[in-house]
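Q: Contents are PDB, C-alpha atoms; file name run-v9.pdb:
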```
ATOM      1  CA  MET R  30      29.549   2.191  27.543
ATOM      2  CA  MET R  31      26.017   1.013  26.720
ATOM      3  CA  HIS R  32      23.403   3.736  26.414
ATOM      4  CA  LYS R  33      19.697   3.083  26.767
ATOM      5  CA  ILE R  34      17.337   4.942  24.446
ATOM      6  CA  LEU R  35      13.572   5.075  24.875
ATOM      7  CA  LEU R  36      11.742   5.370  21.553
ATOM      8  CA  VAL R  37       8.198   6.681  21.829
ATOM      9  CA  ASP R  38       5.835   6.747  18.862
ATOM     10  CA  ASP R  39       2.395   5.398  17.987
ATOM     11  CA  SER R  40       3.612   4.817  14.420
ATOM     12  CA  SER R  41       5.201   1.418  13.897
ATOM     13  CA  THR R  42       6.744   2.850  10.718
ATOM     14  CA  THR R  43       8.700   5.428  12.658
ATOM     15  CA  LEU R  44       9.662   2.980  15.398
ATOM     16  CA  LEU R  45      10.991   0.582  12.801
ATOM     17  CA  MET R  46      12.964   3.347  11.082
ATOM     18  CA  GLU R  47      14.501   4.388  14.382
ATOM     19  CA  GLN R  48      15.281   0.796  15.335
ATOM     20  CA  MET R  49      16.998   0.282  12.008
ATOM     21  CA  LEU R  50      18.916   3.546  12.315
ATOM     22  CA  PHE R  51      20.280   2.624  15.712
ATOM     23  CA  GLY R  52      20.618  -1.049  14.864
ATOM     24  CA  GLY R  53      24.171  -0.630  13.653
ATOM     25  CA  CYS R  54      25.236   1.072  16.861
ATOM     26  CA  ARG R  55      26.401  -1.537  19.326
ATOM     27  CA  ASN R  56      26.482   0.929  22.215
ATOM     28  CA  TYR R  57      22.743   1.613  22.134
ATOM     29  CA  SER R  58      20.004  -0.560  23.610
ATOM     30  CA  LEU R  59      16.448   0.341  22.708
ATOM     31  CA  ILE R  60      13.136   0.371  24.559
ATOM     32  CA  MET R  61       9.818   1.178  22.926
ATOM     33  CA  ALA R  62       6.605   2.855  24.022
ATOM     34  CA  ARG R  63       3.496   3.574  21.980
ATOM     35  CA  ASP R  64       2.024   6.575  23.764
ATOM     36  CA  GLY R  65       2.915   9.254  26.262
ATOM     37  CA  HIS R  66       1.443   7.434  29.218
ATOM     38  CA  GLU R  67       3.452   4.289  28.498
ATOM     39  CA  ALA R  68       6.494   6.472  27.881
ATOM     40  CA  VAL R  69       6.338   7.974  31.351
ATOM     41  CA  GLN R  70       5.938   4.546  32.936
ATOM     42  CA  LYS R  71       8.795   2.989  30.991
ATOM     43  CA  ALA R  72      11.041   5.975  31.528
ATOM     44  CA  LEU R  73      10.581   5.659  35.284
ATOM     45  CA  ALA R  74      11.123   1.923  35.187
ATOM     46  CA  GLU R  75      14.064   1.817  32.761
ATOM     47  CA  GLN R  76      15.853   5.110  33.440
ATOM     48  CA  PRO R  77      16.928   5.668  29.825
ATOM     49  CA  ASP R  78      19.877   7.823  28.908
ATOM     50  CA  LEU R  79      17.872   9.568  26.200
ATOM     51  CA  ILE R  80      14.264   9.728  25.041
ATOM     52  CA  LEU R  81      13.116  10.158  21.439
ATOM     53  CA  MET R  82       9.448  11.021  21.508
ATOM     54  CA  ASP R  83       6.699  11.766  19.039
ATOM     55  CA  VAL R  84       4.216  14.512  19.824
ATOM     56  CA  VAL R  85       0.877  13.428  18.375
ATOM     57  CA  MET R  86      -0.016  10.216  20.183
ATOM     58  CA  PRO R  87      -3.088   8.707  21.836
ATOM     59  CA  ASN R  88      -3.650   8.635  25.611
ATOM     60  CA  MET R  89      -1.028  11.295  26.304
ATOM     61  CA  ASP R  90       0.764  13.414  23.718
ATOM     62  CA  GLY R  91       4.477  14.112  23.699
ATOM     63  CA  PHE R  92       4.198  17.598  25.137
ATOM     64  CA  ASN R  93       2.299  16.390  28.185
ATOM     65  CA  ALA R  94       4.529  13.377  28.603
ATOM     66  CA  CYS R  95       7.535  15.673  28.524
ATOM     67  CA  ARG R  96       6.003  17.930  31.175
ATOM     68  CA  GLU R  97       5.242  14.908  33.369
ATOM     69  CA  MET R  98       8.764  13.599  33.067
ATOM     70  CA  ARG R  99      10.254  16.964  33.984
ATOM     71  CA  LYS R 100       8.240  16.964  37.211
ATOM     72  CA  MET R 101      10.003  13.779  38.291
ATOM     73  CA  GLU R 102      13.380  13.985  39.936
ATOM     74  CA  LYS R 103      14.607  10.787  38.279
ATOM     75  CA  LEU R 104      13.779  12.028  34.781
ATOM     76  CA  ARG R 105      14.454  15.720  35.090
ATOM     77  CA  ARG R 106      17.877  15.541  33.456
ATOM     78  CA  VAL R 107      17.250  12.883  30.833
ATOM     79  CA  PRO R 108      17.673  14.424  27.371
ATOM     80  CA  ILE R 109      14.380  14.418  25.508
ATOM     81  CA  ILE R 110      14.297  14.908  21.751
ATOM     82  CA  LEU R 111      10.848  15.419  20.289
ATOM     83  CA  VAL R 112      10.542  13.828  16.830
ATOM     84  CA  THR R 113       7.356  14.918  15.143
ATOM     85  CA  SER R 114       5.572  15.962  11.993
ATOM     86  CA  ARG R 115       4.344  19.092  13.777
ATOM     87  CA  GLY R 116       7.032  21.427  12.485
ATOM     88  CA  GLU R 117       5.256  24.736  12.877
ATOM     89  CA  PRO R 118       7.147  27.340  14.958
ATOM     90  CA  CYS R 119       4.364  27.459  17.547
ATOM     91  CA  ASN R 120       4.687  23.733  18.107
ATOM     92  CA  ILE R 121       8.449  23.947  18.366
ATOM     93  CA  GLU R 122       8.019  26.642  21.001
ATOM     94  CA  THR R 123       5.544  24.468  22.876
ATOM     95  CA  GLY R 124       7.987  21.605  22.721
ATOM     96  CA  PHE R 125      10.781  23.548  24.306
ATOM     97  CA  ALA R 126       8.377  25.051  26.817
ATOM     98  CA  SER R 127       7.336  21.530  27.826
ATOM     99  CA  GLY R 128      10.934  20.782  28.682
ATOM    100  CA  CYS R 129      12.430  19.035  25.667
ATOM    101  CA  ASN R 130      16.094  19.450  24.893
ATOM    102  CA  ASP R 131      15.767  19.321  21.139
ATOM    103  CA  TYR R 132      13.243  19.048  18.346
ATOM    104  CA  LEU R 133      13.371  17.147  15.055
ATOM    105  CA  THR R 134      10.705  17.181  12.386
ATOM    106  CA  LYS R 135       9.484  14.257  10.317
ATOM    107  CA  PRO R 136      10.220  12.800   7.896
ATOM    108  CA  ILE R 137      13.262  11.837   9.871
ATOM    109  CA  ASN R 138      16.620  12.820   8.474
ATOM    110  CA  GLY R 139      18.541   9.809   9.709
ATOM    111  CA  ASN R 140      21.951  11.459   9.632
ATOM    112  CA  GLU R 141      20.656  14.439  11.566
ATOM    113  CA  LEU R 142      19.033  12.187  14.153
ATOM    114  CA  LEU R 143      22.120  10.042  14.650
ATOM    115  CA  GLU R 144      24.350  13.071  14.998
ATOM    116  CA  MET R 145      21.988  14.712  17.458
ATOM    117  CA  VAL R 146      21.805  11.569  19.596
ATOM    118  CA  SER R 147      25.562  11.245  19.413
ATOM    119  CA  THR R 148      25.876  14.808  20.661
ATOM    120  CA  TYR R 149      23.839  14.003  23.755
ATOM    121  CA  LEU R 150      25.223  10.542  24.417
ATOM    122  CA  GLY R 151      28.640  10.438  22.834
ATOM    123  CA  ASN R 152      29.500   8.440  19.665
ATOM    124  CA  GLY R 153      27.753   5.112  19.158
ATOM    125  CA  SER R 154      29.930   2.906  16.967
ATOM    126  CA  VAL R 155      28.442   1.624  13.728
ATOM    127  CA  GLU R 156      29.410  -1.969  12.980
TER     128      GLU R 156
ATOM    129  CA  MET A   7     -16.334   4.656   9.406
ATOM    130  CA  ALA A   8     -14.867   7.978  10.361
ATOM    131  CA  GLU A   9     -12.265   8.570  13.028
ATOM    132  CA  ARG A  10     -10.777  11.652  14.507
ATOM    133  CA  HIS A  11      -7.007  11.558  14.579
ATOM    134  CA  ALA A  12      -5.583  14.464  16.537
ATOM    135  CA  GLY A  13      -8.471  16.667  15.474
ATOM    136  CA  ARG A  14      -8.170  15.781  11.807
ATOM    137  CA  LYS A  15     -10.848  13.949   9.918
ATOM    138  CA  LEU A  16      -9.903  10.453   8.750
ATOM    139  CA  THR A  17     -12.343   8.560   6.631
ATOM    140  CA  VAL A  18     -11.486   4.939   5.891
ATOM    141  CA  LYS A  19     -13.192   1.667   5.135
ATOM    142  CA  ARG A  20     -11.892  -1.639   6.527
ATOM    143  CA  TRP A  21     -11.598  -4.880   4.609
ATOM    144  CA  CYS A  22      -9.322  -7.880   4.099
ATOM    145  CA  ASP A  23      -7.845  -9.320   0.941
ATOM    146  CA  PRO A  24      -8.141 -13.139   0.838
ATOM    147  CA  GLY A  25      -5.062 -13.354  -1.402
ATOM    148  CA  ARG A  26      -2.887 -11.406   0.954
ATOM    149  CA  ARG A  27      -0.228 -14.072   1.485
ATOM    150  CA  ALA A  28       1.176 -13.593  -2.022
ATOM    151  CA  VAL A  29       1.454  -9.871  -1.432
ATOM    152  CA  GLU A  30       3.126 -10.432   1.928
ATOM    153  CA  GLU A  31       5.698 -12.691   0.339
ATOM    154  CA  ALA A  32       6.404 -10.127  -2.371
ATOM    155  CA  LEU A  33       6.860  -7.490   0.300
ATOM    156  CA  GLU A  34       9.161  -9.780   2.274
ATOM    157  CA  ASN A  35      11.346 -10.248  -0.795
ATOM    158  CA  PHE A  36      11.316  -6.507  -1.404
ATOM    159  CA  ALA A  37      12.244  -5.810   2.216
ATOM    160  CA  ALA A  38      15.067  -8.345   2.042
ATOM    161  CA  GLY A  39      16.373  -6.574  -1.042
ATOM    162  CA  CYS A  40      16.308  -3.269   0.810
ATOM    163  CA  LEU A  41      18.585  -4.713   3.465
ATOM    164  CA  SER A  42      20.963  -6.458   1.100
ATOM    165  CA  THR A  43      23.404  -3.554   1.184
ATOM    166  CA  ASP A  44      25.638  -3.585   4.238
ATOM    167  CA  VAL A  45      24.860  -1.043   6.871
ATOM    168  CA  GLY A  46      27.569   1.553   7.079
ATOM    169  CA  SER A  47      28.530   1.376   3.421
ATOM    170  CA  SER A  48      27.756   5.069   2.849
ATOM    171  CA  PRO A  49      30.627   7.553   3.054
ATOM    172  CA  THR A  50      29.371   8.871   6.381
ATOM    173  CA  GLY A  51      29.243   5.398   7.847
ATOM    174  CA  HIS A  52      25.565   5.870   8.495
ATOM    175  CA  PRO A  53      22.922   3.475   7.209
ATOM    176  CA  ASP A  54      21.556   3.944   3.689
ATOM    177  CA  LEU A  55      18.523   6.056   4.530
ATOM    178  CA  LEU A  56      16.621   5.420   1.332
ATOM    179  CA  ARG A  57      16.819   1.688   1.846
ATOM    180  CA  LEU A  58      15.696   2.082   5.444
ATOM    181  CA  LYS A  59      12.706   4.128   4.353
ATOM    182  CA  LEU A  60      11.755   1.555   1.755
ATOM    183  CA  TYR A  61      12.225  -1.237   4.262
ATOM    184  CA  ALA A  62      10.116   0.512   6.906
ATOM    185  CA  ALA A  63       7.378   1.219   4.379
ATOM    186  CA  SER A  64       7.323  -2.352   3.112
ATOM    187  CA  GLU A  65       7.178  -3.760   6.624
ATOM    188  CA  ARG A  66       4.391  -1.393   7.566
ATOM    189  CA  LEU A  67       2.456  -2.364   4.463
ATOM    190  CA  LYS A  68       2.923  -6.033   5.267
ATOM    191  CA  LEU A  69       1.603  -5.459   8.780
ATOM    192  CA  ALA A  70      -1.304  -3.525   7.344
ATOM    193  CA  ILE A  71      -2.297  -6.438   5.140
ATOM    194  CA  ARG A  72      -2.532  -8.665   8.216
ATOM    195  CA  GLN A  73      -4.388  -6.028  10.193
ATOM    196  CA  CYS A  74      -6.625  -5.037   7.265
ATOM    197  CA  ASP A  75      -5.803  -1.360   7.579
ATOM    198  CA  VAL A  76      -3.902  -0.665   4.351
ATOM    199  CA  PRO A  77      -5.348   2.833   3.814
ATOM    200  CA  LYS A  78      -4.363   3.797   7.341
ATOM    201  CA  ALA A  79      -0.869   2.428   6.720
ATOM    202  CA  LEU A  80      -0.568   4.495   3.560
ATOM    203  CA  LEU A  81      -1.531   7.582   5.496
ATOM    204  CA  GLU A  82       1.027   6.722   8.168
ATOM    205  CA  ILE A  83       3.726   6.190   5.553
ATOM    206  CA  GLY A  84       2.812   9.495   3.946
ATOM    207  CA  SER A  85       2.960  11.342   7.236
ATOM    208  CA  ASN A  86       6.077   9.756   8.702
ATOM    209  CA  LEU A  87       8.246   8.979   5.698
ATOM    210  CA  ILE A  88       7.217  11.571   3.127
ATOM    211  CA  GLY A  89       5.926  14.490   5.170
ATOM    212  CA  CYS A  90       2.437  14.743   3.756
ATOM    213  CA  GLU A  91      -0.739  14.462   5.796
ATOM    214  CA  GLN A  92      -3.288  15.435   3.181
ATOM    215  CA  MET A  93      -4.036  12.450   0.990
ATOM    216  CA  ALA A  94      -6.716  10.689  -0.957
ATOM    217  CA  ILE A  95      -6.885   7.070  -2.079
ATOM    218  CA  LEU A  96      -8.912   6.447  -5.215
ATOM    219  CA  GLN A  97     -10.127   3.297  -6.920
ATOM    220  CA  MET A  98     -11.022   3.212 -10.593
ATOM    221  CA  GLN A  99     -13.701   0.651 -11.290
ATOM    222  CA  ASP A 100     -14.309  -1.142 -14.569
ATOM    223  CA  ASN A 101     -16.720   1.364 -15.930
ATOM    224  CA  SER A 102     -14.295   4.184 -15.157
ATOM    225  CA  VAL A 103     -16.255   5.145 -12.106
ATOM    226  CA  LEU A 104     -13.970   6.717  -9.530
ATOM    227  CA  ARG A 105     -14.388   5.720  -5.895
ATOM    228  CA  LEU A 106     -12.891   7.604  -2.977
ATOM    229  CA  LEU A 107     -11.618   4.812  -0.736
ATOM    230  CA  ALA A 108     -10.072   6.968   1.933
ATOM    231  CA  SER A 109      -9.123  10.540   2.593
ATOM    232  CA  PHE A 110      -7.162  12.345   5.247
ATOM    233  CA  ASP A 111      -7.606  15.962   6.171
ATOM    234  CA  LEU A 112      -9.225  16.956   2.896
ATOM    235  CA  THR A 113     -11.601  19.884   2.706
ATOM    236  CA  GLU A 114     -15.000  19.630   1.078
ATOM    237  CA  SER A 115     -13.779  21.717  -1.845
ATOM    238  CA  GLN A 116     -10.858  19.331  -2.398
ATOM    239  CA  ILE A 117     -13.236  16.380  -2.431
ATOM    240  CA  GLN A 118     -15.521  18.262  -4.798
ATOM    241  CA  ALA A 119     -12.572  18.876  -7.103
ATOM    242  CA  LEU A 120     -11.949  15.124  -7.230
ATOM    243  CA  ILE A 121     -15.592  14.547  -8.087
ATOM    244  CA  SER A 122     -15.799  17.152 -10.788
ATOM    245  CA  ASN A 123     -12.543  15.959 -12.389
ATOM    246  CA  SER A 124     -13.195  12.220 -12.135
ATOM    247  CA  GLU A 125     -13.010  11.636 -15.887
ATOM    248  CA  ARG A 126      -9.664  13.407 -16.234
ATOM    249  CA  ILE A 127      -8.362  11.645 -13.150
ATOM    250  CA  THR A 128      -9.222   8.228 -14.547
ATOM    251  CA  THR A 129      -7.351   9.168 -17.725
ATOM    252  CA  GLU A 130      -4.285   9.956 -15.634
ATOM    253  CA  ILE A 131      -4.673   6.720 -13.707
ATOM    254  CA  ARG A 132      -4.709   4.761 -16.965
ATOM    255  CA  SER A 133      -1.431   6.385 -17.981
ATOM    256  CA  GLY A 134       0.195   4.600 -15.044
ATOM    257  CA  GLN A 135       2.711   7.424 -14.665
ATOM    258  CA  ILE A 136       3.781   8.688 -11.279
ATOM    259  CA  THR A 137       3.825  12.463 -11.380
ATOM    260  CA  ILE A 138       5.587  14.717  -8.936
ATOM    261  CA  ILE A 139       4.212  18.157  -9.654
ATOM    262  CA  GLY A 140       6.978  20.611 -10.325
ATOM    263  CA  ALA A 141       9.692  17.984 -10.682
ATOM    264  CA  ASP A 142       8.207  16.226 -13.697
ATOM    265  CA  SER A 143       8.002  18.437 -16.753
ATOM    266  CA  VAL A 144       4.361  17.781 -17.458
ATOM    267  CA  CYS A 145       2.060  20.638 -18.276
ATOM    268  CA  ASN A 146      -1.301  19.645 -16.880
ATOM    269  CA  ASP A 147      -3.837  22.060 -15.485
ATOM    270  CA  LEU A 148      -5.568  19.187 -13.716
ATOM    271  CA  TRP A 149      -2.814  19.158 -11.115
ATOM    272  CA  SER A 150      -3.131  22.838 -10.372
ATOM    273  CA  GLU A 151      -6.905  22.539 -10.291
ATOM    274  CA  LEU A 152      -6.658  19.746  -7.724
ATOM    275  CA  GLY A 153      -3.899  21.527  -5.835
ATOM    276  CA  ILE A 154      -1.823  18.382  -5.423
ATOM    277  CA  THR A 155       1.888  17.687  -5.080
ATOM    278  CA  ALA A 156       2.055  14.109  -6.370
ATOM    279  CA  PHE A 157      -0.144  11.644  -8.234
ATOM    280  CA  VAL A 158       0.626   7.949  -7.863
ATOM    281  CA  PRO A 159      -1.289   5.421  -9.964
ATOM    282  CA  VAL A 160      -1.688   2.167  -8.099
ATOM    283  CA  TRP A 161      -1.366  -1.076 -10.039
ATOM    284  CA  TYR A 162      -3.501  -4.145  -9.604
ATOM    285  CA  ARG A 163      -3.512  -7.256 -11.756
ATOM    286  CA  GLY A 164      -1.253  -5.756 -14.355
ATOM    287  CA  LYS A 165      -2.990  -2.434 -14.859
ATOM    288  CA  PRO A 166      -3.392   0.890 -13.090
ATOM    289  CA  SER A 167      -6.528   0.599 -10.993
ATOM    290  CA  GLY A 168      -6.483   3.573  -8.713
ATOM    291  CA  ALA A 169      -4.330   6.290  -7.313
ATOM    292  CA  ILE A 170      -2.844   7.772  -4.198
ATOM    293  CA  VAL A 171      -3.076  11.536  -4.357
ATOM    294  CA  PHE A 172      -0.796  13.664  -2.231
ATOM    295  CA  TYR A 173      -1.761  17.206  -1.426
ATOM    296  CA  LYS A 174       0.100  19.809   0.569
ATOM    297  CA  LEU A 175       3.388  18.828   2.185
ATOM    298  CA  LEU A 176       4.070  19.633   5.810
ATOM    299  CA  PRO A 177       5.691  23.042   6.456
ATOM    300  CA  GLN A 178       9.149  21.562   7.012
ATOM    301  CA  ARG A 179       9.209  20.187   3.460
ATOM    302  CA  ASP A 180       9.126  22.256   0.310
ATOM    303  CA  ARG A 181       9.293  19.534  -2.339
ATOM    304  CA  PHE A 182       9.551  15.842  -3.029
ATOM    305  CA  ASP A 183      13.056  14.480  -3.575
ATOM    306  CA  ALA A 184      14.622  11.465  -5.261
ATOM    307  CA  SER A 185      14.094   9.186  -2.279
ATOM    308  CA  ASP A 186      10.408  10.056  -2.272
ATOM    309  CA  ARG A 187      10.084   8.877  -5.859
ATOM    310  CA  ASN A 188      11.466   5.462  -4.944
ATOM    311  CA  LEU A 189       8.982   5.256  -2.104
ATOM    312  CA  LEU A 190       6.108   6.302  -4.347
ATOM    313  CA  GLN A 191       7.096   3.622  -6.846
ATOM    314  CA  MET A 192       7.010   1.053  -4.105
ATOM    315  CA  LEU A 193       3.531   2.160  -3.031
ATOM    316  CA  SER A 194       2.392   2.163  -6.627
ATOM    317  CA  ILE A 195       3.386  -1.479  -7.033
ATOM    318  CA  PHE A 196       2.571  -3.026  -3.690
ATOM    319  CA  SER A 197      -0.488  -1.332  -2.280
ATOM    320  CA  GLY A 198      -2.882  -2.249  -5.081
ATOM    321  CA  PRO A 199      -3.520  -5.942  -4.342
ATOM    322  CA  SER A 200      -4.712  -5.210  -0.848
ATOM    323  CA  LEU A 201      -6.570  -2.013  -1.634
ATOM    324  CA  PHE A 202      -8.618  -3.239  -4.556
ATOM    325  CA  LYS A 203     -10.254  -6.431  -3.396
ATOM    326  CA  PRO A 204     -12.598  -7.818  -6.094
ATOM    327  CA  GLY A 205     -16.238  -7.442  -5.362
ATOM    328  CA  LEU A 206     -15.656  -4.891  -2.687
ATOM    329  CA  SER A 207     -19.047  -4.073  -1.287
ATOM    330  CA  GLY A 208     -19.864  -0.800   0.294
ATOM    331  CA  GLY A 209     -16.760   1.306   0.365
ATOM    332  CA  GLY A 210     -16.517   4.970  -0.377
ATOM    333  CA  PRO A 211     -18.709   7.063  -2.635
ATOM    334  CA  SER A 212     -18.418   6.598  -6.396
ATOM    335  CA  TYR A 213     -18.218   9.329  -8.996
ATOM    336  CA  GLY A 214     -19.148   8.636 -12.593
ATOM    337  CA  ALA A 215     -16.810   9.635 -15.390
TER     338      ALA A 215
END
```
Would you kindly transcribe this structure into C-alpha cells?
A:
Amino acid sequence: MMHKILLVDDSSTTLLMEQMLFGGCRNYSLIMARDGHEAVQKALAEQPDLILMDVVMPNMDGFNACREMRKMEKLRRVPIILVTSRGEPCNIETGFASGCNDYLTKPINGNELLEMVSTYLGNGSVE
Amino acid sequence: MAERHAGRKLTVKRWCDPGRRAVEEALENFAAGCLSTDVGSSPTGHPDLLRLKLYAASERLKLAIRQCDVPKALLEIGSNLIGCEQMAILQMQDNSVLRLLASFDLTESQIQALISNSERITTEIRSGQITIIGADSVCNDLWSELGITAFVPVWYRGKPSGAIVFYKLLPQRDRFDASDRNLLQMLSIFSGPSLFKPGLSGGGPSYGA
C-alpha cells in the first residue's frame, strides 16, 4: 500500500535529507512544502497519510500550522511529527499542545525518523 | 545587510564567485561519491546516514554557490545537520587581518572576543587543523576564552584562508561525533572558493592582528 508523506521545511538541506531517507522506501510517495501556510494548503489538497513538519518557518510556523490542521475535519487524524531544532522542553510541550503526535529534534537521526514513521504508517520496504 | 531569522540576529554579506563552476563540479563529484554505496547496505537496512548528511550538505552548498548565499547555507547546514545555531565565519586576509564575514546569534561579547583574539585566531587558521574542543586532545586556552565547540579552518587556493567557528550546540546535543568531523572536513575543503572571492569589496568589519 502506497503511503503519502508531506514534508514541510524551509530548509532545502533538511528536505533533501528526508527525501533521501525515504527514497529507498517504495511504499512512500513524497510531497513538499516550504512553510506552514503552504503545508496547510497542500495537506488539504493531497490528504497525506503523515506529515513531517519543521517548526521555525516563514509565513506560518509549524505550531500554528499544526493548530490549523487540527481544526479541519479532513486533517484532524493525520499523524503529524514535528521535526525541529527547537528541542527545549517548553517547545516540545507547545508542540504537543498544538496537536502534534510526535516530536523529533534536529539534527535528524535517520534511523529514529524511519522507525517513527514506520510506527505510524506500517513498514515501508527498503529496496 | 542584517536579517532577523526567527528573532535571532543574522548578519551576512552577499556576493558571487565568478569561478563557481569549478567548485560546483567538485561538489557534484563529491556528492556522487557519497551516493556510491548502495542504499540499505548497513546492518539495519537503513541508508548510510553519514553519506546522506554529506550528500545533503554538498548539494546545499552547490545550490548556495548558484544563489550566492554561501554563508547562509553554512548556517543552515550547521543548524540542520550538526545542531549548532551559533556560528561565525571568518576570513583571514593577506596581512593577517581577520574579517568577520558572517555571524549568527552571537552576542556582542562573543564578537569582542573574536576581535581581541584575532592574532591568535589567525595563527590557528594557519595551522589548518580542524579542532573539536573536548574531543581533540589540544590544550589551548583560546578555545575556552572564545567559548567555542569547534574550529574549522577553511581552505582556499591551497592554504587555510579563514575559519568557521561553532559555538554552543543546541540543547539536544552534548558533543560533536565522528559523523560531524566528516562534515566539518567537507566544509573546510569546499566552502572556501565561494566564500573568499578575490578583491572582495565591502564585506564585514576587519580586525588587525
Q: Would you work out the distance separating atom CA of Ala108 of chain A from atom CA of Phe172 of chain A, expressed in Å to one decimal?
A: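 Going from atom CA of Ala108 of chain A over to atom CA of Phe172 of chain A covers 12.2 Å.
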Q: Translate the PyMOL selection byres ((chain A) within 6 of (chain R)), as applied to the file shown, into an explicit residue set as a ChimeraX atom specification.
A: /A:62,66,86-89,178
Q: Specify as a PDB file with C-alpha atoms, in the frame of the given file each residue included when the PyMOL selection byres ((chain A and resi 179-190) around 7) is applied to this file.
A:
```
ATOM      1  CA  LEU A  56      16.621   5.420   1.332  1.00  0.00           C
ATOM      2  CA  LEU A  60      11.755   1.555   1.755  1.00  0.00           C
ATOM      3  CA  ILE A  88       7.217  11.571   3.127  1.00  0.00           C
ATOM      4  CA  GLY A  89       5.926  14.490   5.170  1.00  0.00           C
ATOM      5  CA  VAL A 158       0.626   7.949  -7.863  1.00  0.00           C
ATOM      6  CA  LEU A 175       3.388  18.828   2.185  1.00  0.00           C
ATOM      7  CA  LEU A 176       4.070  19.633   5.810  1.00  0.00           C
ATOM      8  CA  PRO A 177       5.691  23.042   6.456  1.00  0.00           C
ATOM      9  CA  GLN A 178       9.149  21.562   7.012  1.00  0.00           C
ATOM     10  CA  GLN A 191       7.096   3.622  -6.846  1.00  0.00           C
ATOM     11  CA  MET A 192       7.010   1.053  -4.105  1.00  0.00           C
ATOM     12  CA  LEU A 193       3.531   2.160  -3.031  1.00  0.00           C
ATOM     13  CA  SER A 194       2.392   2.163  -6.627  1.00  0.00           C
TER      14      SER A 194
END
```
Q: Within 12 Å of segment 60-67 of chain R, counting all atoms listed in the file, which residues qualify if same-chain residues fewer than 4 places away don't, as an MDAnalysis selection string?
A: chainID R and resid 32:45 47:48 51 71:98 111
Q: Using only C-alpha atoms for the distances, tell me which of A:Glu65, A:Asp54, A:Asp147, A:Glu82 is nearest to Phe196 of chain A.
A: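 Nearest candidate to Phe196 of chain A out of A:Glu65, A:Asp54, A:Asp147, A:Glu82: A:Glu65.
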Q: At what distance in Å, to one decimal, does atom CA of Val69 of chain R lie from atom CA of Gly128 of chain R?
A: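 Going from atom CA of Gly128 of chain R over to atom CA of Val69 of chain R, I get 13.9 Å.
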Q: Take the PyMOL selection byres ((chain A and resi 110) around 6), apply it to the structure above, and return the hits as number ranges by chain.
A: A: 16, 92-93, 109, 111-112
Q: Can you work out the spacing between atom CA of Met98 of chain A and atom CA of Trp161 of chain A in Å, to one decimal?
A: 10.6 Å
Q: When distances are computed from all atoms listed in the file, which of A:Leu96, A:Ala156, A:Cys74, A:Ala37 shows the smallest separation from Tyr173 of chain A?
A: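 Smallest separation from Tyr173 of chain A among the options: A:Ala156.
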Q: Nearest to Ser85 of chain A among A:Val103, A:Lys174, A:Gln118, A:Phe157, with distances taken over all atoms listed in the file: which residue is it?
A: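 Closest candidate: A:Lys174.
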Q: Would you mind telling me which residue in A:Ala141, A:Ile136, A:Val76, A:Ala38 lies nearest to Leu58 of chain A when using all atoms listed in the file?
A: A:Ala38
